[in-house]
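Engineer: mmCIF, C-alpha atoms and all ligand atoms, saved as query_1.cif, coming up:
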```
data_start
loop_
_atom_site.label_atom_id
_atom_site.label_comp_id
_atom_site.auth_asym_id
_atom_site.auth_seq_id
_atom_site.Cartn_x
_atom_site.Cartn_y
_atom_site.Cartn_z
CA MET A 821 57.17 -133.26 -191.77
CA PRO A 822 59.04 -130.52 -189.91
CA GLN A 823 59.74 -131.42 -186.31
CA SER A 824 58.10 -128.14 -185.33
CA SER A 825 54.67 -129.53 -186.06
CA VAL A 826 54.93 -132.66 -183.92
CA SER A 827 53.50 -131.16 -180.76
CA TYR A 828 50.69 -129.59 -182.71
CA ILE A 829 49.09 -132.69 -184.04
CA ILE A 830 45.39 -133.03 -183.39
CA ILE A 831 43.87 -136.42 -183.86
CA GLU A 832 40.34 -136.21 -185.10
CA ALA A 833 38.56 -139.44 -184.47
CA LEU A 834 35.13 -140.53 -185.53
CA TYR A 835 33.23 -143.03 -183.40
CA ASN A 836 30.31 -145.22 -184.43
CA LYS A 837 27.22 -145.77 -182.28
CA LYS A 838 28.92 -148.48 -180.22
CA GLY A 839 31.68 -146.11 -179.35
CA ILE A 840 34.21 -147.93 -181.48
CA MET A 841 36.53 -145.72 -183.44
CA SER A 842 35.58 -146.10 -187.07
CA SER A 843 38.03 -143.75 -188.65
CA ALA A 844 40.66 -141.25 -187.66
CA HIS A 845 42.86 -138.83 -189.38
CA VAL A 846 45.62 -136.54 -188.31
CA ILE A 847 45.48 -132.82 -188.92
CA THR A 848 48.78 -131.08 -188.62
CA ILE A 849 48.63 -127.43 -187.65
CA MET A 850 51.87 -125.75 -188.52
CA GLU A 851 50.76 -122.16 -188.88
CA ILE A 852 51.88 -119.83 -186.10
CA LEU A 853 51.16 -116.44 -187.64
CA ARG A 854 48.63 -115.24 -190.18
CA VAL A 855 47.89 -111.73 -191.36
CA GLU A 856 44.78 -110.89 -193.34
CA HIS A 857 44.36 -107.77 -195.45
CA LEU A 858 46.58 -105.65 -193.24
CA THR A 859 46.47 -101.95 -193.91
CA LYS A 860 48.25 -99.27 -191.92
CA GLU A 861 47.80 -95.61 -192.66
CA TYR A 862 49.56 -92.67 -191.08
CA GLY A 863 48.23 -89.12 -191.21
CA SER A 864 45.19 -88.03 -193.17
CA GLY A 865 44.13 -85.96 -196.18
CA SER A 866 47.09 -84.70 -198.18
CA THR A 867 49.59 -86.14 -195.67
CA LEU A 868 48.10 -89.64 -195.75
CA VAL A 869 50.71 -92.40 -196.04
CA LYS A 870 49.71 -95.99 -196.69
CA ALA A 871 52.57 -97.79 -194.97
CA LEU A 872 50.88 -101.19 -195.45
CA ASP A 873 48.43 -101.82 -198.24
CA ASP A 874 46.37 -105.00 -198.07
CA VAL A 875 49.07 -107.40 -196.90
CA SER A 876 48.16 -111.06 -196.37
CA PHE A 877 50.39 -114.06 -195.70
CA SER A 878 50.98 -116.78 -193.15
CA VAL A 879 54.07 -118.12 -191.44
CA GLU A 880 54.74 -121.64 -190.25
CA ARG A 881 55.98 -122.57 -186.82
CA GLY A 882 59.77 -122.74 -186.88
CA GLU A 883 60.11 -120.95 -190.20
CA PHE A 884 62.94 -118.48 -190.86
CA LEU A 885 61.53 -115.66 -192.97
CA ALA A 886 63.50 -112.73 -194.34
CA ILE A 887 61.74 -109.50 -195.28
CA ILE A 888 63.47 -107.24 -197.77
CA GLY A 889 62.55 -104.01 -199.52
CA PRO A 890 63.67 -100.43 -200.04
CA SER A 891 63.73 -97.89 -197.24
CA GLY A 892 60.25 -96.56 -196.50
CA SER A 893 58.50 -99.58 -198.03
CA GLY A 894 56.74 -100.53 -194.78
CA LYS A 895 59.00 -103.24 -193.33
CA SER A 896 59.25 -101.81 -189.82
CA THR A 897 55.55 -101.03 -189.80
CA LEU A 898 54.83 -104.63 -190.77
CA ILE A 899 57.02 -106.08 -188.03
CA HIS A 900 55.50 -103.79 -185.40
CA THR A 901 52.04 -104.76 -186.53
CA LEU A 902 52.91 -108.46 -186.38
CA GLY A 903 54.37 -108.01 -182.90
CA GLY A 904 51.34 -106.40 -181.32
CA VAL A 905 53.16 -103.07 -181.03
CA ASP A 906 51.29 -101.08 -183.65
CA ARG A 907 47.57 -101.46 -184.24
CA PRO A 908 46.68 -101.78 -187.94
CA THR A 909 44.18 -99.40 -189.53
CA SER A 910 42.34 -102.44 -190.83
CA GLY A 911 42.94 -106.15 -191.23
CA LYS A 912 43.80 -108.86 -188.74
CA VAL A 913 46.79 -110.55 -187.18
CA PHE A 914 46.42 -114.05 -185.78
CA MET A 915 49.15 -115.44 -183.56
CA ASP A 916 48.77 -119.09 -182.65
CA GLY A 917 45.10 -118.80 -183.69
CA GLN A 918 44.48 -115.81 -181.45
CA ASP A 919 43.16 -112.55 -182.91
CA VAL A 920 45.91 -110.27 -181.58
CA TYR A 921 44.18 -106.90 -181.81
CA ALA A 922 40.86 -108.17 -180.49
CA GLN A 923 42.49 -107.89 -177.03
CA ASP A 924 42.41 -104.80 -174.85
CA GLU A 925 45.68 -102.91 -174.25
CA GLU A 926 46.46 -104.72 -171.01
CA ASN A 927 46.16 -108.17 -172.55
CA LEU A 928 47.98 -106.97 -175.63
CA ALA A 929 50.95 -106.02 -173.44
CA ILE A 930 50.91 -109.46 -171.83
CA PHE A 931 50.67 -111.06 -175.26
CA ARG A 932 53.70 -109.10 -176.48
CA ARG A 933 55.84 -110.18 -173.55
CA ARG A 934 54.87 -113.85 -173.87
CA TYR A 935 54.68 -114.42 -177.60
CA VAL A 936 57.04 -111.94 -179.18
CA GLY A 937 60.75 -111.26 -178.93
CA LEU A 938 61.81 -108.02 -180.59
CA VAL A 939 65.34 -107.20 -181.72
CA TYR A 940 66.20 -103.76 -183.08
CA GLN A 941 69.08 -102.26 -185.04
CA PHE A 942 70.17 -100.06 -182.13
CA TYR A 943 69.66 -102.67 -179.40
CA ASN A 944 67.33 -100.54 -177.19
CA LEU A 945 68.92 -101.71 -173.95
CA ILE A 946 68.26 -99.94 -170.65
CA PRO A 947 71.51 -98.02 -169.97
CA VAL A 948 71.37 -98.27 -166.17
CA LEU A 949 70.78 -102.04 -166.10
CA ASN A 950 73.56 -104.59 -166.46
CA VAL A 951 73.58 -107.54 -168.86
CA VAL A 952 71.68 -109.97 -166.64
CA GLU A 953 69.17 -107.29 -165.61
CA ASN A 954 68.50 -106.30 -169.23
CA ILE A 955 67.99 -109.93 -170.27
CA THR A 956 65.64 -110.77 -167.40
CA LEU A 957 63.65 -107.53 -167.52
CA PRO A 958 60.71 -108.86 -169.61
CA VAL A 959 60.28 -111.82 -167.24
CA LEU A 960 60.27 -109.60 -164.18
CA MET A 961 57.87 -107.16 -165.87
CA ASP A 962 55.62 -110.11 -166.46
CA GLY A 963 55.63 -110.78 -162.71
CA ARG A 964 57.28 -114.15 -163.21
CA LYS A 965 60.26 -115.88 -161.68
CA VAL A 966 63.46 -115.99 -163.71
CA ASN A 967 64.18 -119.44 -165.12
CA GLU A 968 67.81 -119.62 -163.98
CA GLU A 969 68.60 -122.60 -166.17
CA ARG A 970 67.44 -120.78 -169.26
CA LEU A 971 69.31 -117.62 -168.26
CA GLU A 972 72.57 -119.57 -167.85
CA GLU A 973 72.06 -121.37 -171.16
CA LEU A 974 71.44 -118.06 -172.93
CA LEU A 975 74.50 -116.44 -171.32
CA ASP A 976 76.56 -119.42 -172.52
CA ILE A 977 75.18 -119.39 -176.06
CA LEU A 978 75.55 -115.62 -176.31
CA LYS A 979 79.09 -115.75 -174.86
CA LEU A 980 78.14 -113.20 -172.21
CA GLN A 981 79.03 -115.12 -169.05
CA ASP A 982 82.03 -112.89 -168.31
CA ARG A 983 80.01 -109.75 -169.02
CA ARG A 984 77.10 -110.41 -166.64
CA GLU A 985 77.64 -107.30 -164.52
CA ASN A 986 78.55 -104.92 -167.34
CA LEU A 987 76.40 -101.97 -168.35
CA PRO A 988 75.54 -101.54 -172.06
CA ASN A 989 78.04 -98.68 -172.54
CA GLN A 990 80.80 -101.05 -171.41
CA LEU A 991 80.03 -103.46 -174.26
CA SER A 992 80.83 -103.56 -177.97
CA GLY A 993 78.04 -103.25 -180.53
CA GLY A 994 78.07 -106.99 -181.16
CA GLN A 995 77.88 -107.73 -177.43
CA GLN A 996 75.01 -105.27 -176.98
CA GLN A 997 73.11 -106.93 -179.78
CA ARG A 998 73.73 -110.32 -178.12
CA VAL A 999 72.20 -108.94 -174.91
CA SER A 1000 69.16 -107.75 -176.83
CA ILE A 1001 68.82 -111.23 -178.36
CA GLY A 1002 69.02 -112.71 -174.87
CA ARG A 1003 66.26 -110.37 -173.73
CA ALA A 1004 64.16 -111.35 -176.76
CA LEU A 1005 64.65 -115.07 -176.09
CA MET A 1006 64.32 -115.09 -172.29
CA ASN A 1007 60.55 -115.48 -172.33
CA ALA A 1008 60.79 -118.29 -174.91
CA PRO A 1009 58.63 -116.37 -177.39
CA ALA A 1010 56.90 -118.19 -180.23
CA VAL A 1011 58.13 -115.61 -182.69
CA VAL A 1012 61.31 -113.55 -182.82
CA LEU A 1013 61.00 -110.36 -184.85
CA ALA A 1014 64.25 -108.64 -185.77
CA ASP A 1015 64.33 -105.26 -187.53
CA GLU A 1016 67.68 -104.91 -189.29
CA PRO A 1017 69.49 -106.56 -186.37
CA THR A 1018 72.86 -106.36 -188.10
CA GLY A 1019 72.39 -102.89 -189.63
CA ASN A 1020 74.86 -101.37 -187.20
CA LEU A 1021 77.47 -104.15 -187.18
CA ASP A 1022 80.48 -105.15 -189.29
CA SER A 1023 80.27 -108.30 -191.39
CA LYS A 1024 81.95 -110.60 -188.85
CA ASN A 1025 79.65 -109.51 -186.01
CA SER A 1026 76.68 -109.58 -188.38
CA GLN A 1027 77.20 -113.22 -189.26
CA GLU A 1028 77.69 -114.07 -185.59
CA ILE A 1029 74.34 -112.45 -184.74
CA VAL A 1030 72.64 -114.25 -187.61
CA ASN A 1031 74.16 -117.53 -186.44
CA LEU A 1032 72.72 -116.95 -182.95
CA LEU A 1033 69.28 -116.16 -184.34
CA LYS A 1034 69.44 -119.24 -186.56
CA TYR A 1035 70.58 -121.34 -183.62
CA SER A 1036 67.62 -120.23 -181.49
CA ASN A 1037 65.36 -120.81 -184.50
CA THR A 1038 66.38 -124.49 -184.50
CA ARG A 1039 67.31 -125.04 -180.83
CA PHE A 1040 64.09 -123.55 -179.42
CA ASN A 1041 61.99 -124.07 -182.56
CA GLN A 1042 61.27 -120.37 -182.67
CA THR A 1043 59.80 -118.73 -185.69
CA LEU A 1044 62.24 -116.11 -186.91
CA ILE A 1045 61.35 -113.07 -189.00
CA VAL A 1046 64.25 -110.84 -189.94
CA ILE A 1047 64.20 -107.57 -191.86
CA THR A 1048 67.47 -107.12 -193.65
CA HIS A 1049 69.19 -105.12 -196.38
CA ASP A 1050 71.93 -107.72 -196.52
CA GLU A 1051 71.40 -110.16 -199.36
CA SER A 1052 73.78 -112.73 -197.86
CA ILE A 1053 71.57 -112.83 -194.74
CA ALA A 1054 68.30 -113.00 -196.68
CA LEU A 1055 69.67 -115.96 -198.62
CA GLN A 1056 70.12 -117.92 -195.37
CA ALA A 1057 66.36 -117.81 -194.71
CA ASP A 1058 63.80 -120.46 -195.67
CA ARG A 1059 61.72 -117.85 -197.42
CA ILE A 1060 62.05 -114.27 -198.61
CA ILE A 1061 59.20 -111.78 -198.80
CA ALA A 1062 59.90 -108.56 -200.70
CA ILE A 1063 57.89 -105.44 -199.94
CA GLU A 1064 57.46 -102.32 -202.02
CA ASP A 1065 55.14 -99.41 -201.25
CA GLY A 1066 53.44 -101.36 -198.49
CA ARG A 1067 52.65 -104.36 -200.68
CA ILE A 1068 54.13 -107.82 -201.03
CA VAL A 1069 55.72 -107.96 -204.46
CA LYS A 1070 57.49 -111.30 -204.07
CA ASP A 1071 57.20 -114.32 -201.79
CA ASP A 1072 59.80 -117.00 -202.52
CA ARG A 1073 60.44 -120.20 -200.63
CA ILE A 1074 64.13 -120.91 -201.08
CA ARG A 1075 64.62 -123.75 -198.63
CA ILE A 1076 62.49 -126.53 -197.20
CA LYS A 1077 63.10 -127.17 -193.49
CA ALA A 1078 64.45 -130.64 -192.87
N1 LIG B 1101 54.78 -92.89 -187.02
C1 LIG B 1101 54.69 -92.56 -188.32
N2 LIG B 1101 54.04 -91.46 -188.71
C2 LIG B 1101 53.92 -91.13 -190.02
N3 LIG B 1101 54.45 -91.85 -191.02
C3 LIG B 1101 55.12 -92.97 -190.68
C4 LIG B 1101 55.29 -93.38 -189.34
N4 LIG B 1101 56.01 -94.54 -189.31
C5 LIG B 1101 56.28 -94.81 -190.60
N5 LIG B 1101 55.75 -93.87 -191.44
C6 LIG B 1101 55.83 -93.88 -192.91
O1 LIG B 1101 55.37 -95.14 -193.37
C7 LIG B 1101 56.16 -95.60 -194.45
C8 LIG B 1101 56.79 -96.94 -194.10
O2 LIG B 1101 57.75 -96.75 -193.06
P1 LIG B 1101 58.58 -97.95 -192.41
O3 LIG B 1101 57.64 -99.03 -192.06
O4 LIG B 1101 59.41 -97.38 -191.33
O5 LIG B 1101 59.48 -98.41 -193.65
P2 LIG B 1101 60.83 -99.27 -193.70
O6 LIG B 1101 61.01 -99.93 -192.38
O7 LIG B 1101 60.62 -100.21 -194.84
O8 LIG B 1101 61.93 -98.29 -194.00
C9 LIG B 1101 57.16 -94.50 -194.74
O9 LIG B 1101 56.64 -93.67 -195.77
C10 LIG B 1101 57.24 -93.75 -193.42
O10 LIG B 1101 57.60 -92.42 -193.63
MG MG B 1102 62.61 -99.80 -191.03
#
```
Represent the structure of the file as structure tokens.

Structural biologist:
Amino acid sequence: MPQSSVSYIIIEALYNKKGIMSSAHVITIMEILRVEHLTKEYGSGSTLVKALDDVSFSVERGEFLAIIGPSGSGKSTLIHTLGGVDRPTSGKVFMDGQDVYAQDEENLAIFRRRYVGLVYQFYNLIPVLNVVENITLPVLMDGRKVNEERLEELLDILKLQDRRENLPNQLSGGQQQRVSIGRALMNAPAVVLADEPTGNLDSKNSQEIVNLLKYSNTRFNQTLIVITHDESIALQADRIIAIEDGRIVKDDRIRIKA
């Protein structure tokens, strides 16, 4: 059994009339994310685009999933829909059993900050904030106190301790992406969603970023979903989903988590 499921064990016990337990069994809930019949359309009439077309699948807690597919196949739309960023035209997204889009916009924003860590190809850092400020921004926006211990651990892991005060334009691409990973991980999200996180980096920096994402996947037991064009990265995942024209055309488990 994956370690990820240990804290999610529910013991269902049956008691007889005297209140003595007569039988019990353990149900293990490992699912963190489930999407049902997701459809996303843009435009209407002759300009209608079906970016997602009846997509259903579920993801286990702690899983590392790679999503591949040609440009325009709906990968970014899928990740935004999973992350509570982009409301689907129809269908449902359940995160940790919660119907994500049943919430109003205010609660959806809170949900995004607490459950989801997003990493983009072009980092999306705030140019006027330094490394520490960029990393802690989601916590402060959530009106919470910064967990200093976690911040220091992340700065260590990301090898950014000596860059704490630097602004994004004073950092290399690899360093900027490490900051954006720090920002994604600061709130200890259940799921990290990365949209071509290495698309702008050379192969050495790419592998370093993937190593960091994989490390947080195991160290913090975070579910990791990565869109990538890089086959060598996809092959490091536990599972690969291929998308074409907004539909899942392949779903292969290539590794069982120890
Ligand atoms: N905001 C939008 N408005 C209209 N069409 C969009 C929008 N976002 C994406 N699309 C279209 O949806 C399809 C899927 O896009 P996207 O999810 O970005 O694909 P991918 O990430 O696989 O390249 C494409 O045909 C794209 O042009
Ligand atoms: Mg994309």

Engineer: Show me the residues close to (66.8, -119.1, -193.6) - anything with an atom within 10 Å, counting all atoms listed in the file - and format the list as number ranges by chain.

Structural biologist: A: 883-886, 1030, 1034, 1037, 1044-1046, 1053-1060, 1073-1077

Engineer: Just want the residues within 8 Å of ligand MG 1102 (chain B), written as a PyMOL selection string, counting only C-alpha atoms and all ligand atoms.

Structural biologist: chain A and resi 891-892+894-897+1015-1016+1047

Engineer: Neighbours of ligand LIG 1101 (chain B) at 9 Å or closer, counting all atoms listed in the file: which residues, as JSON, numbers by chain?

Structural biologist: {"A": [860, 861, 862, 863, 867, 868, 869, 870, 871, 872, 888, 889, 890, 891, 892, 893, 894, 895, 896, 897, 898, 899, 900, 1015, 1016, 1047, 1063, 1064, 1065, 1066]}

Engineer: With distances taken over only C-alpha atoms, which residue among A:Met1006, A:Leu960, A:Ile1029, A:Leu945 lies nearest Glu973 in chain A?

Structural biologist: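 Closest to Glu973 in chain A, using only C-alpha atoms: A:Met1006.
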
Engineer: Which residue is closest to Ser1026 in chain A? Choose from A:Arg998, A:His857, A:Arg881, A:Lys965 and count only C-alpha atoms.

Structural biologist: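 Using only C-alpha atoms, Ser1026 in chain A sits closest to A:Arg998.
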